[in-house]
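The structure file coords.json is reproduced below (JSON, C-alpha atoms).
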[["chain", "number", "residue", "atom", "x", "y", "z"],
["D", 19, "MET", "CA", -43.57, -33.20, -40.30],
["D", 20, "PRO", "CA", -45.58, -36.31, -41.38],
["D", 21, "TYR", "CA", -47.19, -38.50, -38.70],
["D", 22, "ILE", "CA", -45.47, -41.83, -38.04],
["D", 23, "PRO", "CA", -47.58, -44.55, -36.36],
["D", 24, "GLY", "CA", -46.35, -45.35, -32.86],
["D", 25, "GLN", "CA", -44.24, -42.20, -32.67],
["D", 26, "ALA", "CA", -46.26, -40.66, -29.80],
["D", 27, "THR", "CA", -46.17, -43.91, -27.83],
["D", 28, "ALA", "CA", -42.38, -44.19, -28.26],
["D", 29, "CYS", "CA", -41.86, -40.62, -27.03],
["D", 30, "VAL", "CA", -44.05, -41.26, -23.96],
["D", 31, "ASN", "CA", -42.14, -44.45, -23.17],
["D", 32, "LEU", "CA", -38.79, -42.64, -23.53],
["D", 33, "VAL", "CA", -39.90, -39.86, -21.18],
["D", 34, "SER", "CA", -41.12, -42.37, -18.64],
["D", 35, "LEU", "CA", -37.84, -44.26, -18.85],
["D", 36, "CYS", "CA", -35.79, -41.10, -18.25],
["D", 37, "GLN", "CA", -37.94, -40.19, -15.22],
["D", 38, "PHE", "CA", -37.46, -43.72, -13.85],
["D", 39, "PHE", "CA", -33.65, -43.40, -14.13],
["D", 40, "LYS", "CA", -33.72, -40.04, -12.37],
["D", 41, "GLN", "CA", -35.78, -41.44, -9.51],
["D", 42, "ASP", "CA", -33.48, -44.44, -8.98],
["D", 43, "ARG", "CA", -30.33, -43.02, -7.39],
["D", 44, "TYR", "CA", -28.16, -46.07, -8.19],
["D", 45, "LEU", "CA", -29.04, -46.05, -11.87],
["D", 46, "ASN", "CA", -28.71, -42.29, -11.94],
["D", 47, "ARG", "CA", -25.21, -42.51, -10.41],
["D", 48, "TYR", "CA", -24.26, -45.21, -12.94],
["D", 49, "PHE", "CA", -25.28, -43.16, -15.95],
["D", 50, "VAL", "CA", -23.56, -40.06, -14.58],
["D", 51, "THR", "CA", -20.35, -42.10, -14.20],
["D", 52, "VAL", "CA", -20.65, -43.49, -17.73],
["D", 53, "SER", "CA", -21.26, -39.98, -19.07],
["D", 54, "ILE", "CA", -18.16, -38.60, -17.30],
["D", 55, "GLY", "CA", -16.02, -41.52, -18.50],
["D", 56, "PHE", "CA", -17.16, -41.02, -22.07],
["D", 57, "LYS", "CA", -16.36, -37.31, -21.89],
["D", 58, "ARG", "CA", -12.85, -37.93, -20.52],
["D", 59, "GLY", "CA", -12.18, -40.61, -23.14],
["D", 60, "ARG", "CA", -13.24, -38.21, -25.88],
["D", 61, "GLU", "CA", -10.92, -35.51, -24.49],
["D", 62, "ARG", "CA", -7.97, -37.95, -24.41],
["D", 63, "LEU", "CA", -8.64, -38.99, -28.00],
["D", 64, "LEU", "CA", -8.78, -35.37, -29.18],
["D", 65, "THR", "CA", -5.50, -34.63, -27.36],
["D", 66, "ARG", "CA", -3.76, -37.59, -29.04],
["D", 67, "LEU", "CA", -5.05, -36.57, -32.46],
["D", 68, "GLN", "CA", -3.86, -33.00, -31.98],
["D", 69, "THR", "CA", -0.43, -34.25, -30.85],
["D", 70, "ALA", "CA", -0.10, -36.64, -33.80],
["D", 71, "ALA", "CA", -1.26, -34.13, -36.41],
["D", 72, "PRO", "CA", 2.08, -32.20, -36.71],
["D", 73, "THR", "CA", 3.98, -35.50, -37.07],
["D", 74, "ILE", "CA", 1.61, -36.69, -39.78],
["D", 75, "ARG", "CA", 1.95, -33.37, -41.60],
["D", 76, "THR", "CA", 5.77, -33.58, -41.32],
["D", 77, "LEU", "CA", 5.86, -37.13, -42.72],
["D", 78, "SER", "CA", 3.54, -36.10, -45.52],
["D", 79, "SER", "CA", 5.74, -33.11, -46.35],
["D", 80, "SER", "CA", 8.90, -35.24, -46.27],
["D", 81, "ASN", "CA", 7.41, -37.81, -48.62],
["D", 82, "SER", "CA", 6.20, -35.18, -51.06],
["D", 83, "SER", "CA", 9.54, -33.33, -50.99],
["D", 84, "SER", "CA", 11.52, -36.55, -51.51],
["D", 85, "GLN", "CA", 9.37, -37.34, -54.52],
["D", 86, "ASN", "CA", 10.32, -33.96, -56.00],
["D", 87, "VAL", "CA", 14.11, -34.61, -55.74],
["D", 88, "PRO", "CA", 15.44, -35.38, -59.23],
["D", 89, "SER", "CA", 17.46, -38.57, -59.53],
["D", 90, "CYS", "CA", 21.05, -38.35, -60.79],
["D", 91, "LEU", "CA", 21.79, -39.61, -64.27],
["D", 92, "TRP", "CA", 25.04, -41.15, -62.95],
["D", 93, "LYS", "CA", 26.32, -42.61, -59.70],
["D", 94, "LEU", "CA", 29.58, -43.34, -57.93],
["D", 95, "GLY", "CA", 30.96, -46.85, -57.88],
["D", 96, "GLN", "CA", 33.80, -48.41, -55.93],
["D", 97, "LEU", "CA", 37.20, -46.97, -55.03],
["D", 98, "ASN", "CA", 39.48, -47.87, -57.93],
["D", 99, "HIS", "CA", 42.84, -46.82, -56.49],
["D", 100, "VAL", "CA", 44.80, -44.47, -54.26],
["D", 101, "ALA", "CA", 47.68, -42.73, -56.06],
["D", 102, "ILE", "CA", 51.03, -42.08, -54.36],
["D", 103, "ALA", "CA", 53.72, -39.84, -55.84],
["D", 104, "VAL", "CA", 57.22, -41.25, -55.30],
["D", 105, "PRO", "CA", 60.66, -39.69, -55.94],
["D", 106, "ASP", "CA", 62.24, -43.08, -56.83],
["D", 107, "LEU", "CA", 59.88, -45.41, -58.71],
["D", 108, "GLY", "CA", 62.29, -48.37, -58.71],
["D", 109, "LYS", "CA", 62.71, -48.33, -54.92],
["D", 110, "ALA", "CA", 58.99, -47.83, -54.33],
["D", 111, "ARG", "CA", 58.15, -50.74, -56.64],
["D", 112, "SER", "CA", 60.69, -52.95, -54.87],
["D", 113, "LEU", "CA", 59.21, -52.04, -51.45],
["D", 114, "TYR", "CA", 55.73, -53.26, -52.34],
["D", 115, "LYS", "CA", 56.90, -56.29, -54.36],
["D", 116, "ASP", "CA", 59.96, -57.61, -52.51],
["D", 117, "VAL", "CA", 59.40, -56.39, -48.95],
["D", 118, "LEU", "CA", 55.61, -56.39, -48.62],
["D", 119, "GLY", "CA", 55.01, -59.25, -51.09],
["D", 120, "ALA", "CA", 52.30, -57.56, -53.15],
["D", 121, "GLN", "CA", 51.50, -58.24, -56.78],
["D", 122, "VAL", "CA", 53.02, -55.34, -58.72],
["D", 123, "SER", "CA", 52.63, -54.37, -62.39],
["D", 124, "GLU", "CA", 55.31, -53.32, -64.81],
["D", 125, "THR", "CA", 56.08, -49.62, -65.25],
["D", 126, "VAL", "CA", 53.84, -47.91, -67.82],
["D", 127, "ALA", "CA", 54.54, -44.50, -69.35],
["D", 128, "LEU", "CA", 51.60, -42.09, -69.87],
["D", 129, "PRO", "CA", 53.01, -39.09, -71.77],
["D", 130, "GLU", "CA", 49.61, -37.40, -72.04],
["D", 131, "HIS", "CA", 49.41, -37.23, -68.23],
["D", 132, "GLY", "CA", 53.16, -36.66, -67.71],
["D", 133, "VAL", "CA", 53.66, -39.69, -65.45],
["D", 134, "TYR", "CA", 55.11, -43.16, -65.13],
["D", 135, "THR", "CA", 52.73, -45.51, -63.32],
["D", 136, "VAL", "CA", 53.00, -48.78, -61.42],
["D", 137, "PHE", "CA", 49.94, -50.50, -59.95],
["D", 138, "VAL", "CA", 50.01, -52.48, -56.71],
["D", 139, "GLU", "CA", 47.15, -55.00, -56.37],
["D", 140, "LEU", "CA", 45.56, -55.12, -52.90],
["D", 141, "GLY", "CA", 42.58, -57.41, -53.49],
["D", 142, "ASN", "CA", 39.77, -54.95, -52.80],
["D", 143, "THR", "CA", 41.51, -51.97, -54.45],
["D", 144, "LYS", "CA", 44.87, -50.81, -55.83],
["D", 145, "LEU", "CA", 47.70, -48.41, -55.19],
["D", 146, "GLU", "CA", 49.05, -46.38, -58.10],
["D", 147, "LEU", "CA", 52.69, -45.33, -57.81],
["D", 148, "LEU", "CA", 53.39, -42.14, -59.78],
["D", 149, "HIS", "CA", 56.68, -40.69, -60.98],
["D", 150, "PRO", "CA", 57.27, -37.61, -63.18],
["D", 151, "LEU", "CA", 57.54, -37.97, -66.95],
["D", 152, "GLY", "CA", 58.71, -34.84, -68.77],
["D", 153, "GLU", "CA", 59.43, -31.31, -67.63],
["D", 154, "LYS", "CA", 55.77, -30.26, -67.37],
["D", 155, "SER", "CA", 54.70, -33.22, -65.28],
["D", 156, "PRO", "CA", 52.24, -32.28, -62.50],
["D", 157, "ILE", "CA", 53.95, -34.92, -60.35],
["D", 158, "ALA", "CA", 57.23, -32.98, -60.57],
["D", 159, "ASN", "CA", 55.54, -29.93, -59.03],
["D", 160, "PHE", "CA", 54.02, -32.12, -56.32],
["D", 161, "LEU", "CA", 57.40, -33.65, -55.43],
["D", 162, "GLN", "CA", 59.03, -30.24, -55.23],
["D", 163, "LYS", "CA", 56.69, -29.47, -52.34],
["D", 164, "ASN", "CA", 56.79, -33.00, -50.92],
["D", 165, "LYS", "CA", 60.36, -34.27, -51.27],
["D", 166, "THR", "CA", 59.73, -37.75, -49.89],
["D", 167, "GLY", "CA", 56.47, -38.22, -51.80],
["D", 168, "GLY", "CA", 52.94, -38.71, -50.53],
["D", 169, "MET", "CA", 49.34, -39.35, -51.45],
["D", 170, "HIS", "CA", 48.50, -37.54, -54.70],
["D", 171, "HIS", "CA", 44.85, -38.40, -55.44],
["D", 172, "ILE", "CA", 42.06, -40.95, -55.09],
["D", 173, "CYS", "CA", 40.21, -42.53, -58.01],
["D", 174, "ILE", "CA", 36.52, -43.49, -57.88],
["D", 175, "GLU", "CA", 34.62, -45.28, -60.62],
["D", 176, "VAL", "CA", 31.44, -43.83, -62.17],
["D", 177, "ASP", "CA", 28.91, -45.51, -64.43],
["D", 178, "ASP", "CA", 28.60, -42.55, -66.86],
["D", 179, "ILE", "CA", 31.52, -40.17, -66.93],
["D", 180, "ASN", "CA", 30.00, -37.82, -69.51],
["D", 181, "ALA", "CA", 26.81, -37.37, -67.49],
["D", 182, "ALA", "CA", 28.94, -36.88, -64.36],
["D", 183, "MET", "CA", 31.02, -34.21, -66.07],
["D", 184, "THR", "CA", 27.94, -32.32, -67.30],
["D", 185, "GLU", "CA", 26.21, -32.33, -63.90],
["D", 186, "LEU", "CA", 29.33, -31.43, -61.93],
["D", 187, "LYS", "CA", 29.92, -28.40, -64.17],
["D", 188, "GLU", "CA", 26.32, -27.30, -63.52],
["D", 189, "LYS", "CA", 27.02, -27.60, -59.78],
["D", 190, "LYS", "CA", 30.13, -25.36, -60.13],
["D", 191, "ILE", "CA", 32.65, -28.13, -59.47],
["D", 192, "ARG", "CA", 35.81, -27.31, -61.39],
["D", 193, "ILE", "CA", 37.19, -29.98, -63.70],
["D", 194, "LEU", "CA", 40.86, -29.86, -64.72],
["D", 195, "SER", "CA", 40.27, -30.66, -68.39],
["D", 196, "GLU", "CA", 37.69, -29.69, -70.99],
["D", 197, "GLU", "CA", 37.07, -33.31, -72.00],
["D", 198, "PRO", "CA", 37.76, -36.73, -70.45],
["D", 199, "LYS", "CA", 41.23, -38.14, -71.13],
["D", 200, "ILE", "CA", 42.26, -41.79, -71.44],
["D", 201, "GLY", "CA", 43.80, -42.96, -68.17],
["D", 202, "ALA", "CA", 46.17, -45.72, -67.11],
["D", 203, "HIS", "CA", 43.48, -48.41, -67.49],
["D", 204, "GLY", "CA", 42.59, -47.34, -71.02],
["D", 205, "LYS", "CA", 39.32, -45.74, -69.85],
["D", 206, "PRO", "CA", 38.15, -42.10, -69.83],
["D", 207, "VAL", "CA", 39.01, -40.13, -66.68],
["D", 208, "ILE", "CA", 38.56, -36.62, -65.33],
["D", 209, "PHE", "CA", 40.08, -34.83, -62.34],
["D", 210, "LEU", "CA", 38.14, -32.59, -59.95],
["D", 211, "HIS", "CA", 39.80, -29.51, -58.45],
["D", 212, "PRO", "CA", 41.00, -30.24, -54.88],
["D", 213, "LYS", "CA", 39.69, -26.88, -53.63],
["D", 214, "ASP", "CA", 36.17, -28.04, -54.54],
["D", 215, "CYS", "CA", 36.70, -31.46, -52.87],
["D", 216, "TYR", "CA", 37.96, -30.43, -49.42],
["D", 217, "GLY", "CA", 41.64, -30.54, -50.27],
["D", 218, "VAL", "CA", 41.63, -33.89, -52.11],
["D", 219, "LEU", "CA", 42.35, -34.31, -55.82],
["D", 220, "VAL", "CA", 39.61, -36.66, -57.01],
["D", 221, "GLU", "CA", 39.85, -38.68, -60.21],
["D", 222, "LEU", "CA", 36.66, -40.13, -61.71],
["D", 223, "GLU", "CA", 37.08, -43.09, -64.03],
["D", 224, "GLN", "CA", 34.54, -44.71, -66.34],
["D", 225, "ALA", "CA", 33.68, -48.13, -64.89]]
For this file, write the structure as structure tokens.
Amino acid sequence: MPYIPGQATACVNLVSLCQFFKQDRYLNRYFVTVSIGFKRGRERLLTRLQTAAPTIRTLSSSNSSSQNVPSCLWKLGQLNHVAIAVPDLGKARSLYKDVLGAQVSETVALPEHGVYTVFVELGNTKLELLHPLGEKSPIANFLQKNKTGGMHHICIEVDDINAAMTELKEKKIRILSEEPKIGAHGKPVIFLHPKDCYGVLVELEQA
């Protein structure tokens, strides 16, 4: 080790200082107290760091896992309408128009879907009144089981119906047609099997 000028003198002074502190009981007690306080503070800090470490690791894992979740190529929009099957379309239309005072559309026939439809405007959404059209109408089967009528399906808008259809098939959600059909609003629609949607027939409509 190379010689450094003044090094020996500094070491002698340090030794003398330490001996002085040991001889003075008040100073000695002070430095013992400081030493104990420092040790306890260090132990508390280590305990806090050990406690916080699992939380930090959890947050880090959550952030990394959320970054790995692929984003959908489509998303749900607003509720477009709630559809109600009715045994008498004229009486049902009169109820909402004349008794309840709602704005009600004219009756529209949709042979491809086997239904007559009437829309009831509610401001934030709509009701769709359905009545059978033709012998193979799905509404006829529904009314055979529900003589007084009832809620048939709900319709939710999507921003990309083709992307929705592709992804839902990959996720094993059954769709009741091979391709989207044109619905009552002149837009493509698909229907999801009620057994895959907790007992509810869900219609998705292109926004």
Next on the checklist: For a quick check of understanding, using all atoms listed in the file, which of D:Val133, D:Ala158, D:Ile208, D:Leu147 has the smallest distance to Ala181 (chain D)?
Outcome noted: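 Of D:Val133, D:Ala158, D:Ile208, D:Leu147, the one nearest Ala181 (chain D) is D:Ile208, counting all atoms listed in the file.
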Checklist entry - So which one's closest to Asp106 (chain D), D:Asn142, D:Thr166, D:Asn159, D:Ser123? Using only C-alpha atoms, please. => result D:Thr166
Item to check | All residues 10 Å or closer to Ala225 (chain D), only C-alpha atoms, same chain fewer than 5 positions away omitted, as a PyMOL selection string | outcome: chain D and resi 94-96+98+174-179+205-207
Contacts of Ser112 (chain D) within 12 Å, all atoms listed in the file, excl. fewer than 4 positions in-chain, as a short mmCIF file (atom, residue, chain, number, x, y, z; two decimals) with C-alpha atoms, in the frame of the given file:
data_model
loop_
_atom_site.label_atom_id
_atom_site.label_comp_id
_atom_site.auth_asym_id
_atom_site.auth_seq_id
_atom_site.Cartn_x
_atom_site.Cartn_y
_atom_site.Cartn_z
CA ASP D 106 62.24 -43.08 -56.83
CA LEU D 107 59.88 -45.41 -58.71
CA GLY D 108 62.29 -48.37 -58.71
CA ASP D 116 59.96 -57.61 -52.51
CA VAL D 117 59.40 -56.39 -48.95
CA LEU D 118 55.61 -56.39 -48.62
CA GLY D 119 55.01 -59.25 -51.09
CA ALA D 120 52.30 -57.56 -53.15
CA GLN D 121 51.50 -58.24 -56.78
CA VAL D 122 53.02 -55.34 -58.72
CA SER D 123 52.63 -54.37 -62.39
CA GLU D 124 55.31 -53.32 -64.81
CA THR D 125 56.08 -49.62 -65.25
CA VAL D 136 53.00 -48.78 -61.42
CA VAL D 138 50.01 -52.48 -56.71
CA LEU D 147 52.69 -45.33 -57.81
#
Item to check | Atom-to-atom span, CA of Glu197 (chain D) and CA of Gly168 (chain D), Å | outcome: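 Straight-line distance from CA of Glu197 (chain D) to CA of Gly168 (chain D) works out to 27.2 Å.
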Next on the checklist: Just want the 9 Å neighbourhood of Leu148 (chain D), counted on all atoms listed in the file, with same-chain residues fewer than 4 positions away dropped. Output as a PyMOL selection string.
Outcome noted: chain D and resi 101-105+107+133-136+157+170
Next on the checklist: As an exercise, work out the distance from CA of Val220 (chain D) to CA of Cys173 (chain D) in Å and give it to one decimal place.
Outcome noted: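 Straight-line distance from CA of Val220 (chain D) to CA of Cys173 (chain D) works out to 6.0 Å.
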Next on the checklist: Nearest residue to Val218 (chain D) out of D:Leu91, D:Met169, D:Leu113, D:Leu97, using all atoms listed in the file?
Outcome noted: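 Smallest separation from Val218 (chain D) among the options: D:Met169.
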Checklist entry - Out of D:Ala127, D:Leu140, D:Ile191, D:Val100, which residue has the shortest atom-to-atom distance to Lys115 (chain D) when counting only C-alpha atoms? => result D:Leu140
How big is the axis-aligned box, and where does its centre sit, when it encloses all atoms of region 170-177 of chain D listed in the file and has 3 Å added on every side, reported in Å to one decimal as AutoDock Vina command-line options?
--center_x 38.7 --center_y -41.5 --center_z -59.6 --size_x 25.6 --size_y 14.0 --size_z 15.7
Checklist entry - What is the CA of Gly204 (chain D)-CA of Glu188 (chain D) distance in Å, reported with one decimal? => result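 Value for the CA of Gly204 (chain D)-CA of Glu188 (chain D) distance: 26.9 Å.
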